[in-house]
Amino acid sequence: MKLRILMSLYLAIVLLPLGLAAVQARPPRPFWDELATGAGMLAFSIILAEFLLSGRFRTVSGGVGLDVTLRLHQLIARTAVALAFIHPFLYTVPMSPPMIWDASRQYTVTSDFWSLAGGIVAWLLLPVLVLLAIGRSQFSYSYEVWRLMHGVGAALIAGAVLQHSLWAGRYSQDPVLAAVWVAMAGVALASLVFVYLWAPLKQMSRRWRVVGVTAVGPRLWDLVLEPDGHKGLRYTAGQFAWLNLRHSPFSLRENPFSIASAPALGGQLRFIIKEFGDATRKLGAVEPGTRAYLDGPHGNLVVEGRPEPGVALIAGGVGIAPLIGILRQLHATKDPRATLLVYGNRIEEQIVHRAELDAIAAAQGTKIIHVLSEPPVGWAGEAGLIDAALIKKHFPAPDCQSWVYVICGPGAMMETVEETLSDLGVPASQVLSERFSYD
Ligand SMILES: Cc1cc2nc3c(=O)[nH]c(=O)nc-3n(C[C@H](O)[C@H](O)[C@H](O)COP(=O)(O)OP(=O)(O)OC[C@H]3O[C@@H](n4cnc5c(N)ncnc54)[C@H](O)[C@@H]3O)c2cc1C
């Protein structure tokens with residue numbers, strides 16, 4: 001439902017300039033010229049709306065998930081590139097300097113360099129920005145450098161297209177449409193100010209302190225934070241936050257991690273972090289007392305308040321982080337719902353907090369199914385991968401159709417589980433998932 005509302009709102013925003021152009025009483029032009037202008041306008045409104053799909057706004061990504069929001073952001077950006085690319089080639093009317101007899105630009109498009117300048121800059125920059133984003137993993141620069149380039153590049157493109165639209169746009173000569181473009185560009189700019197200035201400023205007064213970092217498996221760490229002079233974070237079990245360790249809140253060095261603790265257990269926050277790249281590999285060297293900042297909570301892996309009689313948690317590897325948070329919360333609040341955890345790893349040593357999981361299972365009646373792809377000799381649990389057969393074995397239809405499913409783990413595992421649940425007749429609204437990578 002929320003997705004439908006968001007999609008309708010998105011379409012309304014993106015199509016508003018075209019609608020305002022359509023109701024203007026201007027003399028008609030050939031079809032291809034109207035299409036050229038329409039493509040350019042649509043590309044611009046999509047570019048401006050992209051700022052809101054950057055993943056940092058809870059109203060936008062909260063309902064559908066950060067991974068879905070960012071995937072949409074990526075796919076829609078490609079549409080904008082295609083529209084912007086064809087925009088100048090579709091015109092059939094000739095280019096000319098402004099003609100007194102063609103005030104409504106029915107028969108000519110402007111050839112004035114300064115009216116075209118912003119458009120040319122954006123036309124060249126936009127594909128570069130999108131290609132750099134698509135091929136990000138192929139380049140050697142860090143995520144933070146990419147993020148900075150992406151933000152600055154996007155702001156430059158938006159400014160350049162605004163200039164081009166206001167100076168050259170046939171329909172943007174109308175003051176209402178011009179005001180709408182300026183307002184939309186203002187909102188896009190405000191979103192950058194919010195993310196890079198306002199949010200860090202707020203974080204400054206809500207510092208966190210590292211209590212400890214403990215190894216809980218090979219290249220796996222348990223990080224505990226406590227609020228430094230404030231009441232802590234109001235979050236729901238299963239959510240995540242962007243964590244900045246040691247750096248200024250204005251630095252771009254922050255990473256998203258799921259909160260593995262339960263709000264019912266107090267103000268300390270726990271994370272389970274797997275070493276991956278430059279930031280996470282240094283985690284073992286983080287000293288107690290280290291300063292930290294958080295941007296959150298975000299995310300929609302939330303089972304609190306849901307009506308389903310059972311909660312199935314399906315985790316692969318470090319995907320256990322948000323699910324253990326949910327399990328801890330269900331246990332701490334003595335939630336009466338039935339629970340089942342399917343937890344897959346490669347080797348036994350990667351199972352984190354096993355004793356605690358067993359204790360919760362005993363107290364809460366949670367069934368835990370451990371799955372190892374490289375089991376040791378004498379392993380009594382499941383062997384292999386979390387695949388369709390395993391899911392069908394432990395969640396037989398039709399009983400499984402009434403439960404809510406929370407899935408987090410490697411992409412391939414998540415796709416298999418999502419498809420299998422769909423085959424078993426579990427409605428999509430009862431499947432919550434979070435991808436740790438959205439490339
Ligand atoms: C919603 C969400 C929740 C996550 N929860 C956990 C968790 O609980 N435990 C865990 O071990 N991992 C989690 N991850 C993955 C974790 O964020 C990355 O492994 C981590 O950021 C890698 O950082 P690095 O500097 O070590 O590696 P890098 O090599 O710098 O980054 C590797 C990749 O991590 C992603 N990444 C890095 N920085 C950011 C950023 N600021 N914003 C978005 N993505 C970024 C990018 O895809 C990047 O290509 C989560 C990811 C997401 C999106």
# chains A, B, ... in the order shown; residues from 1 in each chain; ligands from 1
call {"tool": "residues_near_ligand", "arguments": {"ligand": "ligand 1", "cutoff": "9 Å", "atoms": "only C-alpha atoms and all ligand atoms", "output": "PyMOL selection string"}}
result
chain A and resi 55+65-67+136-137+142-144+147+220-221+239-244+252-260+271-283+298-299+318-322+434-439
call {"tool": "residues_around", "arguments": {"residues": "Ala154 in chain A", "least_positions_apart": "4", "cutoff": "10 Å", "atoms": "only C-alpha atoms", "output": "PyMOL selection string"}}
result
chain A and resi 47-48+50-51+122+125-126+129-130+148-150+158-160+188-189
call {"tool": "select_by_dssp", "arguments": {"residues": "range 57-117 of chain A", "states": "alpha helix (DSSP H)", "output": "JSON, numbers by chain"}}
result
{"A": [58, 59, 60, 61, 62, 63, 64, 66, 67, 68, 69, 70, 71, 72, 73, 74, 75, 76, 77, 78, 79, 80, 81, 82, 83, 84, 85, 86, 113, 114, 115, 116, 117]}
call {"tool": "residues_around", "arguments": {"residues": "Pro263 in chain A", "least_positions_apart": "2", "cutoff": "10 Å", "atoms": "only C-alpha atoms", "output": "JSON, numbers by chain"}}
result
{"A": [232, 233, 234, 235, 236, 237, 238, 259, 260, 261, 265, 266, 267, 268, 269, 325, 326, 328, 329, 332, 333]}
call {"tool": "write_last_selection", "arguments": {"atoms": "N, CA, C and O atoms", "output": "short mmCIF file (atom, residue, chain, number, x, y, z; two decimals), in the first residue's frame"}}
result
data_model
loop_
_atom_site.label_atom_id
_atom_site.label_comp_id
_atom_site.auth_asym_id
_atom_site.auth_seq_id
_atom_site.Cartn_x
_atom_site.Cartn_y
_atom_site.Cartn_z
N GLY A 232 19.97 8.03 23.79
CA GLY A 232 20.14 6.91 22.86
C GLY A 232 19.24 7.03 21.64
O GLY A 232 18.65 8.07 21.40
N LEU A 233 19.16 5.94 20.92
CA LEU A 233 18.45 5.92 19.64
C LEU A 233 17.09 5.26 19.82
O LEU A 233 16.99 4.20 20.44
N ARG A 234 16.07 5.88 19.25
CA ARG A 234 14.75 5.22 19.25
C ARG A 234 14.64 4.43 17.96
O ARG A 234 14.54 5.01 16.89
N TYR A 235 14.70 3.14 18.09
CA TYR A 235 14.66 2.32 16.89
C TYR A 235 13.78 1.10 17.12
O TYR A 235 13.37 0.83 18.26
N THR A 236 13.52 0.39 16.07
CA THR A 236 12.76 -0.85 16.16
C THR A 236 13.71 -1.98 15.76
O THR A 236 14.51 -1.80 14.85
N ALA A 237 13.59 -3.10 16.46
CA ALA A 237 14.50 -4.22 16.16
C ALA A 237 14.47 -4.56 14.68
O ALA A 237 13.39 -4.62 14.08
N GLY A 238 15.65 -4.75 14.09
CA GLY A 238 15.74 -5.11 12.67
C GLY A 238 16.18 -3.94 11.80
O GLY A 238 16.48 -4.13 10.62
N ILE A 259 21.41 -3.02 13.16
CA ILE A 259 21.51 -3.00 14.62
C ILE A 259 21.14 -4.40 15.10
O ILE A 259 20.05 -4.91 14.79
N ALA A 260 22.06 -5.02 15.82
CA ALA A 260 21.84 -6.41 16.23
C ALA A 260 21.30 -6.50 17.66
O ALA A 260 21.08 -7.58 18.17
N SER A 261 21.11 -5.32 18.28
CA SER A 261 20.58 -5.34 19.65
C SER A 261 19.08 -5.15 19.64
O SER A 261 18.48 -4.86 18.61
N LEU A 265 16.23 -4.07 25.53
CA LEU A 265 17.32 -4.45 26.44
C LEU A 265 18.16 -3.26 26.89
O LEU A 265 19.21 -3.44 27.50
N GLY A 266 17.76 -2.05 26.54
CA GLY A 266 18.50 -0.87 27.02
C GLY A 266 19.08 -0.04 25.89
O GLY A 266 18.86 -0.30 24.71
N GLY A 267 19.87 0.97 26.30
CA GLY A 267 20.33 1.99 25.35
C GLY A 267 21.56 1.61 24.55
O GLY A 267 21.90 2.30 23.59
N GLN A 268 22.27 0.55 24.97
CA GLN A 268 23.46 0.16 24.21
C GLN A 268 23.06 -0.41 22.85
O GLN A 268 22.04 -1.08 22.73
N LEU A 269 23.89 -0.13 21.85
CA LEU A 269 23.63 -0.67 20.52
C LEU A 269 24.69 -1.70 20.19
O LEU A 269 25.87 -1.47 20.48
N GLY A 325 18.80 -9.26 16.23
CA GLY A 325 18.17 -8.12 16.92
C GLY A 325 16.69 -8.37 17.11
O GLY A 325 16.13 -8.15 18.19
N ILE A 326 16.05 -8.88 16.06
CA ILE A 326 14.61 -9.17 16.15
C ILE A 326 14.36 -10.29 17.17
O ILE A 326 13.47 -10.20 18.01
N ARG A 328 16.24 -11.18 19.69
CA ARG A 328 16.48 -10.68 21.05
C ARG A 328 15.27 -9.88 21.55
O ARG A 328 14.87 -9.99 22.71
N GLN A 329 14.70 -9.09 20.66
CA GLN A 329 13.55 -8.27 21.04
C GLN A 329 12.33 -9.15 21.33
O GLN A 329 11.63 -8.95 22.32
N ALA A 332 13.00 -10.65 24.67
CA ALA A 332 12.95 -9.68 25.78
C ALA A 332 11.53 -9.24 26.08
O ALA A 332 11.21 -8.91 27.22
N THR A 333 10.69 -9.22 25.05
CA THR A 333 9.30 -8.75 25.27
C THR A 333 8.34 -9.92 25.45
O THR A 333 7.12 -9.74 25.48
#
call {"tool": "closest_residue", "arguments": {"among": "A:Asp399, A:Asp358, A:Glu382, A:Asp295", "to": "Arg56 in chain A", "atoms": "only C-alpha atoms"}}
result
A:Asp295
call {"tool": "select_by_dssp", "arguments": {"residues": "range 245-347 of chain A", "states": "strand (DSSP E)", "output": "count of residues only"}}
result
34
call {"tool": "closest_residue", "arguments": {"among": "A:Leu166, A:Ala315, A:Ser402, A:Leu357", "to": "Leu385 in chain A", "atoms": "only C-alpha atoms"}}
result
A:Ala315
call {"tool": "atom_distance", "arguments": {"atom1": "CA of Ala383 in chain A", "atom2": "CA of Val342 in chain A"}}
result
12.1 Å
call {"tool": "residues_around", "arguments": {"residues": "Val404 in chain A", "least_positions_apart": "4", "cutoff": "9 Å", "atoms": "only C-alpha atoms", "output": "PyMOL selection string"}}
result
chain A and resi 303+306-313+400+426+429-432
call {"tool": "write_last_selection", "arguments": {"atoms": "all heavy atoms", "output": "short mmCIF file (atom, residue, chain, number, x, y, z; two decimals), in the first residue's frame"}}
result
data_model
loop_
_atom_site.label_atom_id
_atom_site.label_comp_id
_atom_site.auth_asym_id
_atom_site.auth_seq_id
_atom_site.Cartn_x
_atom_site.Cartn_y
_atom_site.Cartn_z
N VAL A 303 9.15 -6.49 12.47
CA VAL A 303 8.02 -7.42 12.68
C VAL A 303 7.12 -6.94 13.83
O VAL A 303 6.04 -7.50 14.04
CB VAL A 303 8.50 -8.86 12.96
CG1 VAL A 303 9.32 -9.38 11.80
CG2 VAL A 303 9.27 -8.98 14.26
N ARG A 306 3.12 -6.54 13.75
CA ARG A 306 2.53 -7.25 12.61
C ARG A 306 1.57 -8.32 13.10
O ARG A 306 1.77 -8.91 14.16
CB ARG A 306 3.63 -7.88 11.75
CG ARG A 306 4.45 -6.82 11.02
CD ARG A 306 5.25 -7.45 9.93
NE ARG A 306 4.43 -8.10 8.95
CZ ARG A 306 4.31 -7.72 7.67
NH1 ARG A 306 4.97 -6.66 7.24
NH2 ARG A 306 3.56 -8.39 6.82
N PRO A 307 0.52 -8.61 12.31
CA PRO A 307 -0.52 -9.52 12.82
C PRO A 307 -0.24 -11.01 12.63
O PRO A 307 -0.96 -11.84 13.18
CB PRO A 307 -1.74 -9.11 11.98
CG PRO A 307 -1.16 -8.61 10.68
CD PRO A 307 0.19 -8.02 11.02
N GLU A 308 0.79 -11.39 11.84
CA GLU A 308 0.98 -12.80 11.51
C GLU A 308 1.26 -13.63 12.78
O GLU A 308 1.93 -13.14 13.70
CB GLU A 308 2.15 -12.99 10.54
CG GLU A 308 1.90 -12.42 9.15
CD GLU A 308 2.20 -10.93 9.03
OE1 GLU A 308 2.61 -10.33 10.04
OE2 GLU A 308 2.02 -10.36 7.94
N PRO A 309 0.80 -14.89 12.83
CA PRO A 309 0.98 -15.70 14.04
C PRO A 309 2.40 -16.24 14.22
O PRO A 309 2.75 -16.71 15.29
CB PRO A 309 0.00 -16.85 13.83
CG PRO A 309 -0.14 -16.96 12.34
CD PRO A 309 0.02 -15.57 11.79
N GLY A 310 3.21 -16.19 13.15
CA GLY A 310 4.56 -16.74 13.26
C GLY A 310 5.58 -15.87 12.55
O GLY A 310 5.26 -15.16 11.60
N VAL A 311 6.82 -15.90 13.07
CA VAL A 311 7.90 -15.10 12.49
C VAL A 311 9.01 -16.05 12.06
O VAL A 311 9.60 -16.74 12.88
CB VAL A 311 8.45 -14.08 13.52
CG1 VAL A 311 9.57 -13.26 12.90
CG2 VAL A 311 7.35 -13.18 14.05
N ALA A 312 9.29 -16.07 10.74
CA ALA A 312 10.39 -16.90 10.23
C ALA A 312 11.56 -15.99 9.92
O ALA A 312 11.41 -14.98 9.23
CB ALA A 312 9.93 -17.61 8.97
N LEU A 313 12.72 -16.34 10.46
CA LEU A 313 13.92 -15.53 10.22
C LEU A 313 14.89 -16.38 9.42
O LEU A 313 15.28 -17.47 9.84
CB LEU A 313 14.54 -15.13 11.57
CG LEU A 313 13.58 -14.40 12.54
CD1 LEU A 313 14.18 -14.34 13.93
CD2 LEU A 313 13.27 -13.01 12.04
N CYS A 400 2.68 -22.41 6.14
CA CYS A 400 3.67 -21.35 6.03
C CYS A 400 3.08 -20.05 5.48
O CYS A 400 3.66 -18.99 5.63
CB CYS A 400 4.80 -21.78 5.11
SG CYS A 400 4.24 -22.00 3.41
N VAL A 426 3.19 -17.66 -0.40
CA VAL A 426 3.30 -16.64 0.66
C VAL A 426 3.17 -15.27 -0.01
O VAL A 426 3.92 -14.95 -0.93
CB VAL A 426 4.67 -16.73 1.39
CG1 VAL A 426 4.79 -15.65 2.46
CG2 VAL A 426 4.87 -18.12 1.98
N SER A 429 3.61 -9.29 0.59
CA SER A 429 3.53 -8.34 1.72
C SER A 429 4.01 -8.98 3.03
O SER A 429 4.27 -8.29 4.01
CB SER A 429 2.10 -7.85 1.88
OG SER A 429 1.25 -8.96 2.11
N GLN A 430 4.14 -10.33 3.05
CA GLN A 430 4.61 -11.01 4.26
C GLN A 430 6.10 -11.39 4.16
O GLN A 430 6.59 -12.16 4.98
CB GLN A 430 3.78 -12.28 4.49
CG GLN A 430 2.40 -11.98 5.05
CD GLN A 430 1.46 -13.15 4.90
OE1 GLN A 430 0.32 -12.98 4.48
NE2 GLN A 430 1.91 -14.34 5.24
N VAL A 431 6.76 -10.87 3.16
CA VAL A 431 8.19 -11.18 3.00
C VAL A 431 8.98 -9.87 3.11
O VAL A 431 8.84 -8.97 2.29
CB VAL A 431 8.46 -11.86 1.64
CG1 VAL A 431 9.95 -12.17 1.48
CG2 VAL A 431 7.64 -13.14 1.50
N LEU A 432 9.79 -9.78 4.17
CA LEU A 432 10.61 -8.58 4.36
C LEU A 432 12.06 -8.96 4.11
O LEU A 432 12.55 -9.94 4.66
CB LEU A 432 10.49 -8.07 5.80
CG LEU A 432 9.08 -7.93 6.37
CD1 LEU A 432 9.14 -7.53 7.84
CD2 LEU A 432 8.30 -6.88 5.58
#
call {"tool": "residues_around", "arguments": {"residues": "range 6-11 of chain A", "least_positions_apart": "2", "cutoff": "12 Å", "atoms": "only C-alpha atoms", "output": "PyMOL selection string"}}
result
chain A and resi 1-4+13-19+42+45-46+48-53+58-64+69+72-73+76
call {"tool": "closest_residue", "arguments": {"among": "A:Ala39, A:Ala155, A:Gln138, A:Leu330", "to": "Gly365 in chain A", "atoms": "only C-alpha atoms"}}
result
A:Leu330
call {"tool": "residues_around", "arguments": {"residues": "Met204 in chain A", "least_positions_apart": "4", "cutoff": "8 Å", "atoms": "only C-alpha atoms", "output": "number ranges by chain"}}
result
A: 200, 249, 293
call {"tool": "write_last_selection", "arguments": {"atoms": "all heavy atoms", "output": "mmCIF file, in the first residue's frame"}}
result
data_model
loop_
_atom_site.group_PDB
_atom_site.id
_atom_site.type_symbol
_atom_site.label_atom_id
_atom_site.label_comp_id
_atom_site.auth_asym_id
_atom_site.auth_seq_id
_atom_site.Cartn_x
_atom_site.Cartn_y
_atom_site.Cartn_z
ATOM 1 N N PRO A 200 24.648 15.726 9.785
ATOM 2 C CA PRO A 200 25.882 15.701 10.586
ATOM 3 C C PRO A 200 25.847 16.687 11.757
ATOM 4 O O PRO A 200 26.327 16.375 12.851
ATOM 5 C CB PRO A 200 26.973 16.105 9.584
ATOM 6 C CG PRO A 200 26.420 15.775 8.258
ATOM 7 C CD PRO A 200 24.951 15.952 8.354
ATOM 8 N N PRO A 249 31.622 14.028 11.944
ATOM 9 C CA PRO A 249 30.321 13.662 11.362
ATOM 10 C C PRO A 249 30.150 14.233 9.954
ATOM 11 O O PRO A 249 29.288 13.794 9.200
ATOM 12 C CB PRO A 249 29.298 14.267 12.332
ATOM 13 C CG PRO A 249 30.054 15.221 13.176
ATOM 14 C CD PRO A 249 31.480 14.792 13.187
ATOM 15 N N TYR A 293 29.548 8.231 15.517
ATOM 16 C CA TYR A 293 28.317 8.959 15.182
ATOM 17 C C TYR A 293 27.409 8.026 14.400
ATOM 18 O O TYR A 293 27.887 7.153 13.664
ATOM 19 C CB TYR A 293 28.634 10.189 14.327
ATOM 20 C CG TYR A 293 29.473 11.212 15.042
ATOM 21 C CD1 TYR A 293 30.850 11.263 14.848
ATOM 22 C CD2 TYR A 293 28.890 12.111 15.934
ATOM 23 C CE1 TYR A 293 31.626 12.188 15.524
ATOM 24 C CE2 TYR A 293 29.659 13.043 16.606
ATOM 25 C CZ TYR A 293 31.026 13.087 16.398
ATOM 26 O OH TYR A 293 31.790 13.993 17.067
#
call {"tool": "residues_around", "arguments": {"residues": "Val121 in chain A", "least_positions_apart": "2", "cutoff": "12 Å", "atoms": "only C-alpha atoms", "output": "count of residues only"}}
result
25
call {"tool": "closest_residue", "arguments": {"among": "A:Val302, A:Ile368, A:Ala338, A:Met95", "to": "Thr110 in chain A", "atoms": "only C-alpha atoms"}}
result
A:Met95
call {"tool": "atom_distance", "arguments": {"atom1": "CA of Val109 in chain A", "atom2": "CA of Ala82 in chain A"}}
result
20.9 Å
